[in-house]
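A.B. asks: Structure supplied as data34.cif; contents: mmCIF, C-alpha atoms.
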```
data_entry
loop_
_atom_site.label_atom_id
_atom_site.label_comp_id
_atom_site.auth_asym_id
_atom_site.auth_seq_id
_atom_site.Cartn_x
_atom_site.Cartn_y
_atom_site.Cartn_z
CA MET A 5 0.00 0.00 0.00
CA ASP A 6 1.37 3.44 -0.94
CA CYS A 7 -0.37 6.30 0.86
CA VAL A 8 1.82 8.87 -0.85
CA SER A 9 0.54 8.01 -4.32
CA ASN A 10 -3.04 7.19 -3.34
CA CYS A 11 -4.08 9.68 -0.70
CA LEU A 12 -1.51 11.83 1.04
CA SER A 13 -0.17 13.48 -2.08
CA LYS A 14 -0.01 16.87 -3.73
CA SER A 15 -2.88 15.86 -6.01
CA HIS A 16 -5.35 15.22 -3.16
CA PHE A 17 -7.99 17.95 -2.81
CA LEU A 18 -7.06 18.54 0.84
CA PHE A 19 -3.38 17.70 1.14
CA LYS A 20 -2.43 19.61 -2.02
CA HIS A 21 -2.37 22.72 0.16
CA LEU A 22 0.48 21.43 2.35
CA ASN A 23 4.04 22.57 1.87
CA ASP A 24 6.83 20.02 1.85
CA ASP A 25 7.52 20.29 5.58
CA GLU A 26 3.84 19.88 6.45
CA LEU A 27 3.42 16.94 4.12
CA ASN A 28 6.51 15.25 5.55
CA LEU A 29 5.09 15.78 9.06
CA VAL A 30 1.87 14.02 8.09
CA LEU A 31 3.73 11.21 6.36
CA SER A 32 5.92 10.65 9.40
CA GLU A 33 2.95 10.44 11.78
CA LYS A 34 0.41 8.50 9.68
CA LYS A 35 -0.41 4.86 10.28
CA GLU A 36 -1.40 2.56 7.43
CA GLY A 37 -4.09 -0.06 7.85
CA VAL A 38 -5.64 -2.96 5.93
CA HIS A 39 -9.28 -3.70 6.78
CA LYS A 40 -11.36 -6.78 5.95
CA ARG A 41 -15.08 -6.61 5.15
CA GLY A 42 -17.04 -6.25 8.37
CA SER A 43 -14.23 -4.63 10.35
CA VAL A 44 -15.00 -1.30 12.03
CA LEU A 45 -12.75 1.76 11.91
CA TYR A 46 -14.59 3.52 14.73
CA TYR A 47 -17.82 3.15 16.69
CA GLU A 48 -20.58 5.63 17.36
CA GLY A 49 -20.22 7.05 20.87
CA ASN A 50 -16.47 6.41 21.08
CA ARG A 51 -13.70 8.97 21.08
CA ILE A 52 -11.90 9.40 17.76
CA ASN A 53 -8.34 10.66 18.11
CA GLY A 54 -7.61 11.09 14.41
CA ILE A 55 -9.00 11.00 10.87
CA TYR A 56 -8.98 8.28 8.22
CA CYS A 57 -8.07 8.83 4.59
CA ILE A 58 -9.46 5.97 2.50
CA ASN A 59 -7.05 4.62 -0.12
CA THR A 60 -8.98 1.65 -1.48
CA GLY A 61 -12.26 -0.12 -0.77
CA ILE A 62 -15.60 1.17 0.45
CA ILE A 63 -16.66 2.19 3.96
CA LYS A 64 -20.26 2.62 5.04
CA VAL A 65 -20.93 5.37 7.56
CA PHE A 66 -24.10 4.93 9.60
CA LYS A 67 -26.01 5.78 12.76
CA THR A 68 -27.78 3.21 14.93
CA GLY A 69 -31.34 3.84 16.14
CA ASN A 70 -32.78 2.95 19.52
CA ASP A 71 -34.13 -0.25 17.97
CA GLY A 72 -30.63 -1.24 16.81
CA LYS A 73 -31.43 -0.63 13.15
CA GLU A 74 -28.75 1.03 11.03
CA GLN A 75 -29.37 4.17 9.02
CA ILE A 76 -26.66 4.42 6.36
CA LEU A 77 -25.74 8.04 5.73
CA ARG A 78 -23.02 7.75 3.12
CA PHE A 79 -20.26 5.64 1.63
CA ALA A 80 -16.60 6.65 1.71
CA ARG A 81 -14.15 5.47 -0.92
CA MET A 82 -10.71 6.26 -2.35
CA GLY A 83 -9.45 9.72 -1.44
CA GLU A 84 -12.26 10.54 0.99
CA ILE A 85 -11.82 11.60 4.61
CA ILE A 86 -13.87 10.31 7.55
CA GLY A 87 -13.79 10.98 11.28
CA TYR A 88 -12.73 14.60 10.98
CA ARG A 89 -15.93 16.06 12.45
CA SER A 90 -15.26 14.50 15.85
CA VAL A 91 -11.66 15.69 15.76
CA LEU A 92 -12.71 19.27 14.99
CA SER A 93 -15.52 19.36 17.55
CA SER A 94 -13.76 17.30 20.24
CA GLU A 95 -16.98 15.30 20.53
CA LEU A 96 -17.63 11.57 20.59
CA ALA A 97 -18.21 9.93 17.21
CA CYS A 98 -21.80 10.41 16.04
CA THR A 99 -21.52 7.57 13.48
CA THR A 100 -19.95 4.15 12.97
CA ALA A 101 -17.65 3.41 10.01
CA GLU A 102 -17.69 -0.21 8.79
CA VAL A 103 -15.86 -1.78 5.85
CA ILE A 104 -18.08 -3.32 3.16
CA ASN A 105 -15.35 -3.84 0.52
CA GLU A 106 -11.84 -4.73 1.73
CA ALA A 107 -10.13 -1.40 2.32
CA THR A 108 -6.81 0.27 3.02
CA SER A 109 -6.46 3.55 4.85
CA CYS A 110 -4.12 6.08 6.39
CA TYR A 111 -4.83 7.19 9.95
CA ILE A 112 -3.61 10.69 10.84
CA PRO A 113 -3.54 11.79 14.51
CA GLY A 114 -5.95 14.56 15.41
CA GLU A 115 -3.29 16.82 16.88
CA ILE A 116 -1.56 16.92 13.48
CA ILE A 117 -4.81 17.96 11.78
CA ILE A 118 -5.43 20.70 14.37
CA GLU A 119 -1.87 22.00 13.91
CA LEU A 120 -2.37 22.17 10.13
CA ILE A 121 -5.67 24.01 10.56
CA LYS A 122 -4.05 26.61 12.81
CA ASN A 123 -1.06 27.18 10.56
CA ASN A 124 -2.35 26.67 7.01
CA GLY A 125 -5.32 28.80 5.96
CA ASP A 126 -5.84 27.03 2.61
CA PHE A 127 -5.96 23.64 4.32
CA ALA A 128 -8.44 24.97 6.90
CA PHE A 129 -10.63 26.53 4.20
CA GLU A 130 -10.71 23.30 2.17
CA LEU A 131 -11.72 21.34 5.26
CA MET A 132 -14.45 23.91 5.98
CA GLN A 133 -15.77 23.54 2.42
CA LEU A 134 -15.83 19.75 2.84
CA THR A 135 -17.85 20.18 6.03
CA CYS A 136 -20.32 22.45 4.24
CA ARG A 137 -20.73 20.01 1.35
CA GLU A 138 -21.49 17.14 3.71
CA LEU A 139 -23.95 19.34 5.62
CA GLY A 140 -25.70 20.12 2.33
CA GLU A 141 -25.90 16.42 1.49
CA ALA A 142 -27.34 15.71 4.94
CA ASN A 143 -29.99 18.40 4.44
CA SER A 144 -30.94 16.91 1.05
CA TYR A 145 -31.18 13.46 2.62
CA ILE A 146 -33.51 14.73 5.34
CA THR A 147 -35.70 16.40 2.70
CA ASP A 148 -35.88 13.17 0.68
CA ILE A 149 -36.86 11.12 3.74
CA ALA A 150 -39.63 13.60 4.53
CA GLN A 151 -41.01 14.16 1.03
CA LYS A 152 -40.37 11.05 -1.08
CA THR A 153 -41.87 7.60 -0.98
CA ALA A 154 -39.66 4.59 -0.30
CA LYS A 155 -39.95 3.58 -3.96
CA GLU A 156 -38.81 7.02 -5.13
CA ARG A 157 -35.90 6.95 -2.67
CA LEU A 158 -34.82 3.47 -3.81
CA ALA A 159 -34.77 4.60 -7.45
CA GLU A 160 -32.78 7.69 -6.48
CA ILE A 161 -30.31 5.63 -4.44
CA LEU A 162 -29.71 3.25 -7.37
CA ILE A 163 -29.05 6.25 -9.64
CA HIS A 164 -26.68 7.71 -7.05
CA LEU A 165 -24.79 4.41 -6.68
CA LYS A 166 -24.37 4.17 -10.46
CA ASP A 167 -23.17 7.77 -10.72
CA GLU A 168 -20.79 7.49 -7.76
CA PHE A 169 -19.35 3.99 -8.17
CA GLY A 170 -20.03 3.25 -11.82
CA VAL A 171 -20.83 -0.03 -13.53
CA ASP A 172 -18.72 -2.80 -15.04
CA GLU A 173 -18.66 -3.88 -18.69
CA ASN A 174 -21.96 -5.70 -18.13
CA ASN A 175 -23.63 -2.61 -16.64
CA VAL A 176 -23.60 -4.17 -13.15
CA LEU A 177 -23.13 -1.78 -10.22
CA LYS A 178 -19.56 -1.84 -8.92
CA ILE A 179 -20.77 -1.70 -5.33
CA SER A 180 -22.31 -4.86 -3.87
CA LEU A 181 -24.89 -4.35 -1.11
CA THR A 182 -27.15 -6.71 0.80
CA ARG A 183 -30.91 -6.15 0.78
CA GLU A 184 -30.62 -5.07 4.42
CA GLU A 185 -27.98 -2.47 3.54
CA LEU A 186 -30.17 -1.09 0.77
CA ALA A 187 -33.04 -0.89 3.25
CA ASN A 188 -30.77 0.94 5.69
CA ILE A 189 -29.95 3.55 3.05
CA VAL A 190 -33.53 4.05 1.92
CA GLY A 191 -34.86 4.04 5.46
CA THR A 192 -37.41 1.24 5.17
CA ALA A 193 -37.89 -2.44 5.99
CA THR A 194 -35.85 -5.12 4.25
CA GLU A 195 -39.07 -6.81 3.15
CA SER A 196 -40.14 -3.61 1.40
CA ILE A 197 -36.82 -3.40 -0.47
CA ILE A 198 -37.17 -7.01 -1.64
CA ARG A 199 -40.68 -6.28 -2.90
CA MET A 200 -39.68 -3.04 -4.67
CA LEU A 201 -36.66 -4.66 -6.32
CA SER A 202 -38.95 -7.38 -7.63
CA GLU A 203 -41.24 -4.69 -9.04
CA PHE A 204 -38.31 -2.94 -10.71
CA LYS A 205 -37.20 -6.27 -12.14
CA HIS A 206 -40.72 -7.04 -13.40
CA ASP A 207 -40.83 -3.60 -15.08
CA ASN A 208 -37.50 -4.33 -16.83
CA LEU A 209 -35.68 -1.57 -14.98
CA LEU A 210 -33.19 -3.92 -13.34
CA GLU A 211 -31.70 -7.37 -13.67
CA ILE A 212 -30.83 -8.94 -10.32
CA LYS A 213 -28.58 -11.88 -9.50
CA GLY A 214 -27.76 -12.23 -5.81
CA ARG A 215 -26.18 -8.95 -4.72
CA GLU A 216 -25.45 -7.98 -8.32
CA ILE A 217 -27.75 -5.29 -9.70
CA LYS A 218 -27.69 -4.53 -13.42
CA ILE A 219 -29.40 -1.33 -14.49
CA LEU A 220 -31.41 -1.84 -17.67
CA ASN A 221 -33.35 1.43 -17.81
CA TYR A 222 -31.61 4.45 -16.28
CA SER A 223 -34.19 6.97 -17.49
CA GLY A 224 -36.97 4.82 -16.08
CA LEU A 225 -35.37 4.99 -12.64
CA GLU A 226 -35.01 8.75 -13.03
CA ASN A 227 -38.71 9.08 -13.75
CA ILE A 228 -39.59 7.08 -10.63
CA SER A 229 -37.14 8.97 -8.43
CA ASN A 230 -38.63 12.30 -9.46
CA SER A 231 -35.07 13.63 -9.39
CA PHE A 232 -33.55 16.33 -11.51
CA TYR A 233 -29.95 15.42 -12.36
#
```
Let's see the structure in the file written out as structure tokens.
C.D. replies:
Amino acid sequence: MDCVSNCLSKSHFLFKHLNDDELNLVLSEKKEGVHKRGSVLYYEGNRINGIYCINTGIIKVFKTGNDGKEQILRFARMGEIIGYRSVLSSELACTTAEVINEATSCYIPGEIIIELIKNNGDFAFELMQLTCRELGEANSYITDIAQKTAKERLAEILIHLKDEFGVDENNVLKISLTREELANIVGTATESIIRMLSEFKHDNLLEIKGREIKILNYSGLENISNSFY
């Protein structure tokens, strides 16, 4: 694993603002990790003492309700940063980060991030913009939950997964999710997701084989989602 070429490099949207001395400081303090599917980087309610830069793989970030049910908020992949909110606010983690595709990461101690924020205005501004973007996404998610049906949200999620992760040469989504994980993104019961996927399959919108989902009719999903992309 090479964090310099994958994440902590001059081409990264955040670390590109570091001078050579600052970058060398980060590189000297970082810790590299390899994570199997199902492993957890940090738990909701625990103290996070640093941030994670994802090099490869996919991480799901979720909250757990009083009933123990997960609500997936986002997925993090190559080049993305997670855990920084707790470092900036000095609060306990408000989410859990779990690996769904084998991943590699770089862990950077929180005190290094705080030092960079205090001494590098461009770095601090980029981190502030990242925070604002994620806040905007959270606001959009809340609006969708309140105003859209589960079927509309499922169609929108499938569009989002295609746009974010892409498809292979057979038009199969490059991210593999269980029915329960899909339900935890949409915010509905697993049984409802199974039923809606069957409807989409019957309407020739999707082809489904196990966890593999092949999109047959992108515009049809757009019409259902009532989205404007």
A.B. asks: Which residues come within 6 Å of range 205-210 of chain A, counting all atoms listed in the file, excluding same-chain residues fewer than 5 positions away, as a list in words?
C.D. replies: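 The filter keeps Lys218, Ile219, Leu220 and Asn221 of chain A.
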A.B. asks: Can you spit out the residues from that selection as a PDB file, in the coordinates of the input, using C-alpha atoms?
C.D. replies:
```pdb
ATOM      1  CA  LYS A 218     -27.690  -4.530 -13.420  1.00  0.00           C
ATOM      2  CA  ILE A 219     -29.400  -1.330 -14.490  1.00  0.00           C
ATOM      3  CA  LEU A 220     -31.410  -1.840 -17.670  1.00  0.00           C
ATOM      4  CA  ASN A 221     -33.350   1.430 -17.810  1.00  0.00           C
TER       5      ASN A 221
END
```
A.B. asks: For this structure, which residues satisfy the selection - the PyMOL selection byres ((chain A and resi 215) around 9) - when it is evaluated on the file as given? I want them as a list of chain:residue names.
C.D. replies: A:Ser180, A:Leu181, A:Thr182, A:Arg183, A:Ile212, A:Lys213, A:Gly214, A:Glu216, A:Ile217
A.B. asks: Give me, please, the distance in Å between CA of Ser223 in chain A and CA of Glu185 in chain A, quoted to one decimal.
C.D. replies: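 CA of Glu185 in chain A lies 23.9 Å from CA of Ser223 in chain A.
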A.B. asks: Got a sec to resolve the PyMOL selection byres ((chain A and resi 82-99) around 10) on this structure and send the residues as an mmCIF file with C-alpha atoms, keeping the file's coordinate frame?
C.D. replies:
```cif
data_model
loop_
_atom_site.group_PDB
_atom_site.id
_atom_site.type_symbol
_atom_site.label_atom_id
_atom_site.label_comp_id
_atom_site.auth_asym_id
_atom_site.auth_seq_id
_atom_site.Cartn_x
_atom_site.Cartn_y
_atom_site.Cartn_z
ATOM 1 C CA CYS A 7 -0.370 6.300 0.860
ATOM 2 C CA ASN A 10 -3.040 7.190 -3.340
ATOM 3 C CA CYS A 11 -4.080 9.680 -0.700
ATOM 4 C CA LEU A 12 -1.510 11.830 1.040
ATOM 5 C CA HIS A 16 -5.350 15.220 -3.160
ATOM 6 C CA PHE A 17 -7.990 17.950 -2.810
ATOM 7 C CA LEU A 18 -7.060 18.540 0.840
ATOM 8 C CA LEU A 45 -12.750 1.760 11.910
ATOM 9 C CA TYR A 46 -14.590 3.520 14.730
ATOM 10 C CA TYR A 47 -17.820 3.150 16.690
ATOM 11 C CA GLU A 48 -20.580 5.630 17.360
ATOM 12 C CA GLY A 49 -20.220 7.050 20.870
ATOM 13 C CA ASN A 50 -16.470 6.410 21.080
ATOM 14 C CA ARG A 51 -13.700 8.970 21.080
ATOM 15 C CA ILE A 52 -11.900 9.400 17.760
ATOM 16 C CA ASN A 53 -8.340 10.660 18.110
ATOM 17 C CA GLY A 54 -7.610 11.090 14.410
ATOM 18 C CA ILE A 55 -9.000 11.000 10.870
ATOM 19 C CA TYR A 56 -8.980 8.280 8.220
ATOM 20 C CA CYS A 57 -8.070 8.830 4.590
ATOM 21 C CA ILE A 58 -9.460 5.970 2.500
ATOM 22 C CA ASN A 59 -7.050 4.620 -0.120
ATOM 23 C CA THR A 60 -8.980 1.650 -1.480
ATOM 24 C CA GLY A 61 -12.260 -0.120 -0.770
ATOM 25 C CA ILE A 62 -15.600 1.170 0.450
ATOM 26 C CA ILE A 63 -16.660 2.190 3.960
ATOM 27 C CA LYS A 64 -20.260 2.620 5.040
ATOM 28 C CA VAL A 65 -20.930 5.370 7.560
ATOM 29 C CA PHE A 66 -24.100 4.930 9.600
ATOM 30 C CA LYS A 67 -26.010 5.780 12.760
ATOM 31 C CA THR A 68 -27.780 3.210 14.930
ATOM 32 C CA GLN A 75 -29.370 4.170 9.020
ATOM 33 C CA ILE A 76 -26.660 4.420 6.360
ATOM 34 C CA LEU A 77 -25.740 8.040 5.730
ATOM 35 C CA PHE A 79 -20.260 5.640 1.630
ATOM 36 C CA ALA A 80 -16.600 6.650 1.710
ATOM 37 C CA ARG A 81 -14.150 5.470 -0.920
ATOM 38 C CA THR A 100 -19.950 4.150 12.970
ATOM 39 C CA ALA A 101 -17.650 3.410 10.010
ATOM 40 C CA GLU A 102 -17.690 -0.210 8.790
ATOM 41 C CA ALA A 107 -10.130 -1.400 2.320
ATOM 42 C CA THR A 108 -6.810 0.270 3.020
ATOM 43 C CA SER A 109 -6.460 3.550 4.850
ATOM 44 C CA CYS A 110 -4.120 6.080 6.390
ATOM 45 C CA TYR A 111 -4.830 7.190 9.950
ATOM 46 C CA ILE A 112 -3.610 10.690 10.840
ATOM 47 C CA PRO A 113 -3.540 11.790 14.510
ATOM 48 C CA GLY A 114 -5.950 14.560 15.410
ATOM 49 C CA GLU A 115 -3.290 16.820 16.880
ATOM 50 C CA ILE A 117 -4.810 17.960 11.780
ATOM 51 C CA ILE A 118 -5.430 20.700 14.370
ATOM 52 C CA ILE A 121 -5.670 24.010 10.560
ATOM 53 C CA LEU A 131 -11.720 21.340 5.260
ATOM 54 C CA LEU A 134 -15.830 19.750 2.840
ATOM 55 C CA THR A 135 -17.850 20.180 6.030
#
```
A.B. asks: Expand the PyMOL selection byres ((chain A and resi 158-164) around 10) into the explicit residue set it covers here, and present it as a PDB file with C-alpha atoms, keeping the file's coordinate frame.
C.D. replies:
```pdb
ATOM      1  CA  ASP A 148     -35.880  13.170   0.680  1.00  0.00           C
ATOM      2  CA  LYS A 152     -40.370  11.050  -1.080  1.00  0.00           C
ATOM      3  CA  THR A 153     -41.870   7.600  -0.980  1.00  0.00           C
ATOM      4  CA  ALA A 154     -39.660   4.590  -0.300  1.00  0.00           C
ATOM      5  CA  LYS A 155     -39.950   3.580  -3.960  1.00  0.00           C
ATOM      6  CA  GLU A 156     -38.810   7.020  -5.130  1.00  0.00           C
ATOM      7  CA  ARG A 157     -35.900   6.950  -2.670  1.00  0.00           C
ATOM      8  CA  LEU A 165     -24.790   4.410  -6.680  1.00  0.00           C
ATOM      9  CA  LYS A 166     -24.370   4.170 -10.460  1.00  0.00           C
ATOM     10  CA  ASP A 167     -23.170   7.770 -10.720  1.00  0.00           C
ATOM     11  CA  GLU A 168     -20.790   7.490  -7.760  1.00  0.00           C
ATOM     12  CA  PHE A 169     -19.350   3.990  -8.170  1.00  0.00           C
ATOM     13  CA  GLY A 170     -20.030   3.250 -11.820  1.00  0.00           C
ATOM     14  CA  LEU A 177     -23.130  -1.780 -10.220  1.00  0.00           C
ATOM     15  CA  LEU A 186     -30.170  -1.090   0.770  1.00  0.00           C
ATOM     16  CA  ALA A 187     -33.040  -0.890   3.250  1.00  0.00           C
ATOM     17  CA  ILE A 189     -29.950   3.550   3.050  1.00  0.00           C
ATOM     18  CA  VAL A 190     -33.530   4.050   1.920  1.00  0.00           C
ATOM     19  CA  GLY A 191     -34.860   4.040   5.460  1.00  0.00           C
ATOM     20  CA  THR A 192     -37.410   1.240   5.170  1.00  0.00           C
ATOM     21  CA  ILE A 197     -36.820  -3.400  -0.470  1.00  0.00           C
ATOM     22  CA  MET A 200     -39.680  -3.040  -4.670  1.00  0.00           C
ATOM     23  CA  LEU A 201     -36.660  -4.660  -6.320  1.00  0.00           C
ATOM     24  CA  PHE A 204     -38.310  -2.940 -10.710  1.00  0.00           C
ATOM     25  CA  LEU A 209     -35.680  -1.570 -14.980  1.00  0.00           C
ATOM     26  CA  LEU A 210     -33.190  -3.920 -13.340  1.00  0.00           C
ATOM     27  CA  ILE A 217     -27.750  -5.290  -9.700  1.00  0.00           C
ATOM     28  CA  ILE A 219     -29.400  -1.330 -14.490  1.00  0.00           C
ATOM     29  CA  TYR A 222     -31.610   4.450 -16.280  1.00  0.00           C
ATOM     30  CA  SER A 223     -34.190   6.970 -17.490  1.00  0.00           C
ATOM     31  CA  GLY A 224     -36.970   4.820 -16.080  1.00  0.00           C
ATOM     32  CA  LEU A 225     -35.370   4.990 -12.640  1.00  0.00           C
ATOM     33  CA  GLU A 226     -35.010   8.750 -13.030  1.00  0.00           C
ATOM     34  CA  ASN A 227     -38.710   9.080 -13.750  1.00  0.00           C
ATOM     35  CA  ILE A 228     -39.590   7.080 -10.630  1.00  0.00           C
ATOM     36  CA  SER A 229     -37.140   8.970  -8.430  1.00  0.00           C
ATOM     37  CA  ASN A 230     -38.630  12.300  -9.460  1.00  0.00           C
ATOM     38  CA  SER A 231     -35.070  13.630  -9.390  1.00  0.00           C
ATOM     39  CA  TYR A 233     -29.950  15.420 -12.360  1.00  0.00           C
TER      40      TYR A 233
END
```
A.B. asks: Expressed in Å to a single decimal, how great is the separation between CA of Leu27 in chain A and CA of Asp126 in chain A?
C.D. replies: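 Distance reported for this atom pair: 13.8 Å.
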A.B. asks: Can you tell me how far CA of Ala193 in chain A sits from CA of Asn105 in chain A, in Å to one decimal?
C.D. replies: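 These two atoms are separated by 23.2 Å.
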A.B. asks: With distances taken over all atoms listed in the file, which of A:His39, A:Lys122, A:Lys73, A:Arg137 is nearest to Glu184 in chain A?
C.D. replies: A:Lys73
A.B. asks: Which residues are close to Glu26 in chain A, i.e. within 12 Å by all atoms listed in the file, leaving aside same-chain residues fewer than 3 positions away? Reply as a ChimeraX atom specification.
C.D. replies: /A:12-14,19-23,29-33,116-117,119-121,123-124,127
A.B. asks: Once N, CA and C atoms are restored for range 157-173 of chain A, what would the output be as an mmCIF file, in the coordinates of the input?
C.D. replies:
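Written out: selection.cif:
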```cif
data_model
loop_
_atom_site.group_PDB
_atom_site.id
_atom_site.type_symbol
_atom_site.label_atom_id
_atom_site.label_comp_id
_atom_site.auth_asym_id
_atom_site.auth_seq_id
_atom_site.Cartn_x
_atom_site.Cartn_y
_atom_site.Cartn_z
ATOM 1 N N ARG A 157 -37.235 6.887 -3.275
ATOM 2 C CA ARG A 157 -35.900 6.950 -2.670
ATOM 3 C C ARG A 157 -35.023 5.801 -3.165
ATOM 4 N N LEU A 158 -35.598 4.603 -3.310
ATOM 5 C CA LEU A 158 -34.820 3.470 -3.810
ATOM 6 C C LEU A 158 -34.318 3.750 -5.220
ATOM 7 N N ALA A 159 -35.186 4.264 -6.087
ATOM 8 C CA ALA A 159 -34.770 4.600 -7.450
ATOM 9 C C ALA A 159 -33.666 5.645 -7.436
ATOM 10 N N GLU A 160 -33.797 6.636 -6.567
ATOM 11 C CA GLU A 160 -32.780 7.690 -6.480
ATOM 12 C C GLU A 160 -31.455 7.137 -5.964
ATOM 13 N N ILE A 161 -31.524 6.232 -4.989
ATOM 14 C CA ILE A 161 -30.310 5.630 -4.440
ATOM 15 C C ILE A 161 -29.593 4.814 -5.515
ATOM 16 N N LEU A 162 -30.324 4.053 -6.305
ATOM 17 C CA LEU A 162 -29.710 3.250 -7.370
ATOM 18 C C LEU A 162 -29.037 4.152 -8.401
ATOM 19 N N ILE A 163 -29.665 5.275 -8.727
ATOM 20 C CA ILE A 163 -29.050 6.250 -9.640
ATOM 21 C C ILE A 163 -27.773 6.801 -9.030
ATOM 22 N N HIS A 164 -27.852 7.148 -7.753
ATOM 23 C CA HIS A 164 -26.680 7.710 -7.050
ATOM 24 C C HIS A 164 -25.534 6.702 -7.010
ATOM 25 N N LEU A 165 -25.837 5.434 -6.739
ATOM 26 C CA LEU A 165 -24.790 4.410 -6.680
ATOM 27 C C LEU A 165 -24.136 4.219 -8.045
ATOM 28 N N LYS A 166 -24.925 4.277 -9.103
ATOM 29 C CA LYS A 166 -24.370 4.170 -10.460
ATOM 30 C C LYS A 166 -23.471 5.360 -10.761
ATOM 31 N N ASP A 167 -23.941 6.559 -10.420
ATOM 32 C CA ASP A 167 -23.170 7.770 -10.720
ATOM 33 C C ASP A 167 -21.881 7.844 -9.892
ATOM 34 N N GLU A 168 -21.946 7.380 -8.647
ATOM 35 C CA GLU A 168 -20.790 7.490 -7.760
ATOM 36 C C GLU A 168 -19.784 6.371 -7.949
ATOM 37 N N PHE A 169 -20.249 5.137 -8.113
ATOM 38 C CA PHE A 169 -19.350 3.990 -8.170
ATOM 39 C C PHE A 169 -19.196 3.403 -9.562
ATOM 40 N N GLY A 170 -20.123 3.736 -10.452
ATOM 41 C CA GLY A 170 -20.030 3.250 -11.820
ATOM 42 C C GLY A 170 -20.517 1.828 -11.983
ATOM 43 N N VAL A 171 -20.423 1.334 -13.208
ATOM 44 C CA VAL A 171 -20.830 -0.030 -13.530
ATOM 45 C C VAL A 171 -19.709 -0.718 -14.293
ATOM 46 N N ASP A 172 -19.739 -2.058 -14.304
ATOM 47 C CA ASP A 172 -18.720 -2.800 -15.040
ATOM 48 C C ASP A 172 -19.130 -2.928 -16.512
ATOM 49 N N GLU A 173 -18.393 -3.750 -17.250
ATOM 50 C CA GLU A 173 -18.660 -3.880 -18.690
ATOM 51 C C GLU A 173 -20.020 -4.485 -18.980
#
```
